[in-house]
Amino acid sequence: MLRVLAVDDEKPALEELLFLLRADPRVHSAEGATDATEALRRINRALDAGPHGDDAIDVVFLDIHMAGLTGLDVARLLAGFAKPPLIVFVTAHEGFAVQAFDLEAVDYVLKPVRRERLAEAVRRASDLTGHAPAPAAPSAPIAVDSAPDQIAVELGGITRFIPVDAIAYVEAHGDYARLHTDEGSHLVRIPLSTLEERWAARGFVRIHRRHLVALGRIDELRLDAGATTVRVGGAELAVSRRHARELRDLLMRQARR
């Protein structure tokens, strides 16, 4: 079972997070820290004690915006240790998810924290630490297709349903993908390869290892000094060499219809 440290400089938020964590059957213990300095002191003590010591910590649930060192600062410091605890970020801000992924965070939970969403983060951490799973708790991923023509995205505890037809292109961020629409963008925890397979019948094509594009939203194809790019609205996206010929053929066939 997991030994957890939760870190948040807002006491009510920390108490609520600890209450939810302690109610999860996969959590053996959950302690709190109200600032990064205290958290680092506890983590150092845990690392000195070893994985089987009384002070051991398996996973840190970490707020991002805190006075002094931020949660991202703490994660960067922990990355320098040989065997640091796992990190789950818990924050009210969507915009740091890509940085969190770059720091190899297990998950990224948006406030206000929902019990089902936190249970998913606990499950991920439990799986990675190799602890035997307890009876399954209800869980929900950050984003799933709610219907064939929509995708659900979560922002600050609110779930919005975005029409797939409103998405111009998708950008890969590891296990995440950023959906770009005319109104803005949304980050979801779905790999680009999954969306490529799921939306192929809807006219989305892979043009690069980082980009999936709605064929009908391409305004311009340009070849310049051997490099191929497409313009999608206000964005100019590179087309990899292996996808360039197939994309040109698809656009030509579409233009003849």
# chains A, B, ... in the order shown; residues from 1 in each chain; ligands from 1
>>> residues_around(residues="Arg3 (chain A)", least_positions_apart="3", cutoff="9 Å", atoms="only C-alpha atoms", output="list in words")
Val27, His28, Ser29, Ala30, Glu31, Asp55, Ala56, Ile57, Asp58, Val59 and Val60 of chain A
>>> residues_around(residues="Leu118 (chain A)", least_positions_apart="5", cutoff="8 Å", atoms="only C-alpha atoms", output="MDAnalysis selection string")
chainID A and resid 20:21 109 113 139
>>> residues_around(residues="Val122 (chain A)", least_positions_apart="6", cutoff="10 Å", atoms="only C-alpha atoms", output="list of chain:residue names")
A:Leu2, A:Val4, A:Leu21, A:Asp24, A:Pro25, A:Arg26, A:Val27, A:Val59, A:Phe61, A:Val88, A:Val106, A:Asp107, A:Glu116, A:Leu128, A:Ala137, A:Ser139
>>> write_last_selection(atoms="all heavy atoms", output="compact mmCIF listing (two decimals), in the first residue's frame")
# COMPACT_ATOMS: atom_id res chain seq x y z
N LEU A 2 0.37 2.31 -0.55
CA LEU A 2 1.17 3.50 -0.77
C LEU A 2 1.35 4.33 0.49
O LEU A 2 0.41 4.51 1.28
CB LEU A 2 0.49 4.38 -1.84
CG LEU A 2 0.45 3.84 -3.26
CD1 LEU A 2 -0.39 4.76 -4.13
CD2 LEU A 2 1.85 3.69 -3.83
N VAL A 4 2.13 8.14 1.37
CA VAL A 4 1.93 9.36 0.60
C VAL A 4 2.30 10.59 1.41
O VAL A 4 2.03 10.66 2.61
CB VAL A 4 0.45 9.46 0.15
CG1 VAL A 4 0.17 10.80 -0.52
CG2 VAL A 4 0.10 8.30 -0.77
N LEU A 21 -7.32 11.07 0.18
CA LEU A 21 -6.27 10.06 0.06
C LEU A 21 -6.41 8.98 1.13
O LEU A 21 -6.27 7.79 0.85
CB LEU A 21 -4.90 10.73 0.18
CG LEU A 21 -4.45 11.55 -1.04
CD1 LEU A 21 -3.25 12.40 -0.70
CD2 LEU A 21 -4.14 10.63 -2.22
N ASP A 24 -8.84 6.16 0.47
CA ASP A 24 -8.55 5.21 -0.61
C ASP A 24 -7.91 3.97 -0.03
O ASP A 24 -6.90 4.07 0.70
CB ASP A 24 -7.63 5.86 -1.65
CG ASP A 24 -7.55 5.06 -2.93
OD1 ASP A 24 -7.12 3.88 -2.86
OD2 ASP A 24 -7.91 5.58 -3.99
N PRO A 25 -8.42 2.78 -0.29
CA PRO A 25 -7.88 1.55 0.30
C PRO A 25 -6.46 1.22 -0.14
O PRO A 25 -5.80 0.38 0.47
CB PRO A 25 -8.87 0.47 -0.15
CG PRO A 25 -9.52 1.04 -1.36
CD PRO A 25 -9.60 2.51 -1.13
N ARG A 26 -5.97 1.86 -1.20
CA ARG A 26 -4.60 1.61 -1.66
C ARG A 26 -3.57 2.46 -0.92
O ARG A 26 -2.37 2.29 -1.13
CB ARG A 26 -4.51 1.84 -3.16
CG ARG A 26 -5.26 0.81 -3.97
CD ARG A 26 -5.55 1.28 -5.37
NE ARG A 26 -6.46 2.41 -5.36
CZ ARG A 26 -7.15 2.82 -6.42
NH1 ARG A 26 -7.04 2.17 -7.56
NH2 ARG A 26 -7.96 3.86 -6.35
N VAL A 27 -4.03 3.39 -0.10
CA VAL A 27 -3.13 4.29 0.62
C VAL A 27 -2.95 3.80 2.05
O VAL A 27 -3.92 3.73 2.82
CB VAL A 27 -3.68 5.73 0.60
CG1 VAL A 27 -2.82 6.64 1.47
CG2 VAL A 27 -3.74 6.25 -0.84
N VAL A 59 4.99 8.24 -2.95
CA VAL A 59 4.48 9.21 -3.91
C VAL A 59 4.17 10.52 -3.21
O VAL A 59 3.69 10.53 -2.07
CB VAL A 59 3.24 8.65 -4.65
CG1 VAL A 59 2.16 8.24 -3.68
CG2 VAL A 59 2.70 9.65 -5.66
N PHE A 61 2.02 13.99 -3.63
CA PHE A 61 0.96 14.75 -4.30
C PHE A 61 1.27 16.23 -4.06
O PHE A 61 1.19 16.73 -2.94
CB PHE A 61 -0.41 14.36 -3.75
CG PHE A 61 -0.89 13.03 -4.25
CD1 PHE A 61 -0.35 11.86 -3.77
CD2 PHE A 61 -1.86 12.96 -5.24
CE1 PHE A 61 -0.78 10.62 -4.24
CE2 PHE A 61 -2.30 11.74 -5.73
CZ PHE A 61 -1.76 10.56 -5.23
N VAL A 88 2.82 13.29 -8.27
CA VAL A 88 1.53 13.61 -8.86
C VAL A 88 1.28 15.09 -8.59
O VAL A 88 1.29 15.52 -7.43
CB VAL A 88 0.38 12.78 -8.26
CG1 VAL A 88 -0.97 13.27 -8.78
CG2 VAL A 88 0.56 11.30 -8.58
N VAL A 106 3.67 11.27 -12.61
CA VAL A 106 2.76 10.14 -12.81
C VAL A 106 1.41 10.62 -13.34
O VAL A 106 0.80 10.00 -14.20
CB VAL A 106 2.55 9.37 -11.49
CG1 VAL A 106 1.47 8.31 -11.62
CG2 VAL A 106 3.85 8.75 -11.04
N ASP A 107 0.96 11.76 -12.82
CA ASP A 107 -0.35 12.27 -13.22
C ASP A 107 -0.42 13.75 -12.91
O ASP A 107 0.46 14.32 -12.25
CB ASP A 107 -1.46 11.51 -12.48
CG ASP A 107 -2.75 11.42 -13.29
OD1 ASP A 107 -2.93 12.24 -14.21
OD2 ASP A 107 -3.57 10.53 -13.01
N GLU A 116 -13.16 10.59 -7.84
CA GLU A 116 -12.92 9.62 -8.90
C GLU A 116 -11.61 9.91 -9.63
O GLU A 116 -10.87 9.00 -10.00
CB GLU A 116 -14.09 9.60 -9.89
CG GLU A 116 -15.40 9.13 -9.30
CD GLU A 116 -16.13 10.25 -8.57
OE1 GLU A 116 -15.61 11.39 -8.53
OE2 GLU A 116 -17.22 9.97 -8.02
N LEU A 128 2.76 1.69 -10.68
CA LEU A 128 4.18 1.95 -10.94
C LEU A 128 5.08 1.51 -9.79
O LEU A 128 6.24 1.17 -10.00
CB LEU A 128 4.39 3.44 -11.23
CG LEU A 128 3.89 3.91 -12.59
CD1 LEU A 128 3.93 5.42 -12.68
CD2 LEU A 128 4.72 3.29 -13.71
N ALA A 137 -11.11 1.06 -7.05
CA ALA A 137 -11.93 2.24 -6.76
C ALA A 137 -12.42 2.81 -8.07
O ALA A 137 -11.78 2.63 -9.11
CB ALA A 137 -11.08 3.27 -6.01
N SER A 139 -12.79 5.03 -11.15
CA SER A 139 -11.79 5.89 -11.74
C SER A 139 -12.29 6.45 -13.05
O SER A 139 -13.18 5.91 -13.68
CB SER A 139 -10.50 5.11 -11.98
OG SER A 139 -10.73 4.07 -12.90
>>> closest_atom_pairs(of="region 186-229 of chain A", to="region 158-177 of chain A", cutoff="7 Å", atoms="only C-alpha atoms", output="JSON lines")
{"residue": "A:Leu187", "atom": "CA", "partner": "A:Ala177", "partner_atom": "CA", "distance": 5.8}
{"residue": "A:Val188", "atom": "CA", "partner": "A:Ala177", "partner_atom": "CA", "distance": 5.5}
{"residue": "A:Arg189", "atom": "CA", "partner": "A:Tyr176", "partner_atom": "CA", "distance": 4.3}
{"residue": "A:Ile190", "atom": "CA", "partner": "A:Tyr176", "partner_atom": "CA", "distance": 5.2}
{"residue": "A:Pro191", "atom": "CA", "partner": "A:Asp175", "partner_atom": "CA", "distance": 4.7}
{"residue": "A:Leu192", "atom": "CA", "partner": "A:Ala172", "partner_atom": "CA", "distance": 5.5}
{"residue": "A:Arg210", "atom": "CA", "partner": "A:Ala172", "partner_atom": "CA", "distance": 4.8}
{"residue": "A:His211", "atom": "CA", "partner": "A:Glu171", "partner_atom": "CA", "distance": 4.8}
{"residue": "A:Leu212", "atom": "CA", "partner": "A:Val170", "partner_atom": "CA", "distance": 5.0}
{"residue": "A:Val213", "atom": "CA", "partner": "A:Tyr169", "partner_atom": "CA", "distance": 4.2}
{"residue": "A:Ala214", "atom": "CA", "partner": "A:Ala168", "partner_atom": "CA", "distance": 5.5}
{"residue": "A:Arg217", "atom": "CA", "partner": "A:Ala168", "partner_atom": "CA", "distance": 5.8}
>>> closest_residue(among="A:Gly95, A:Gly50, A:Gly233, A:Pro12", to="Ile64 (chain A)", atoms="only C-alpha atoms")
A:Gly95
>>> residues_around(residues="Leu62 (chain A)", least_positions_apart="3", cutoff="12 Å", atoms="only C-alpha atoms", output="ChimeraX atom specification")
/A:4-10,13-14,17-18,32-36,39-40,59,65-66,69-75,85-92,100,105-111
>>> select_by_dssp(residues="region 18-227 of chain A", states="helix (DSSP H, G or I)", output="number ranges by chain")
A: 18-22, 36-49, 71-78, 94-102, 115-129, 164-166, 192-202, 215-217
>>> select_by_dssp(residues="region 6-237 of chain A", states="strand (DSSP E or B)", output="number ranges by chain")
A: 6-7, 27-33, 59-62, 86-91, 107-110, 147, 150-155, 158-163, 167-173, 176-181, 185-188, 204-208, 211-214, 220-224, 227-232, 235-237
>>> closest_residue(among="A:Ile151, A:Val98, A:Ala121, A:Ile43", to="Leu78 (chain A)", atoms="only C-alpha atoms")
A:Ile43
>>> atom_distance(atom1="CA of Thr129 (chain A)", atom2="CA of Arg114 (chain A)")
22.9 Å
>>> residues_around(residues="Leu251 (chain A)", least_positions_apart="6", cutoff="9 Å", atoms="only C-alpha atoms", output="JSON, numbers by chain")
{"A": [215, 216, 218, 221]}
>>> residues_around(residues="Asp54 (chain A)", least_positions_apart="5", cutoff="10 Å", atoms="only C-alpha atoms", output="JSON, numbers by chain")
{"A": [3, 45, 46, 49]}
>>> atom_distance(atom1="CA of Val239 (chain A)", atom2="CA of Arg256 (chain A)")
22.0 Å
>>> closest_residue(among="A:Arg41, A:Ile207, A:Arg124, A:Ala67", to="Arg245 (chain A)", atoms="only C-alpha atoms")
A:Ile207
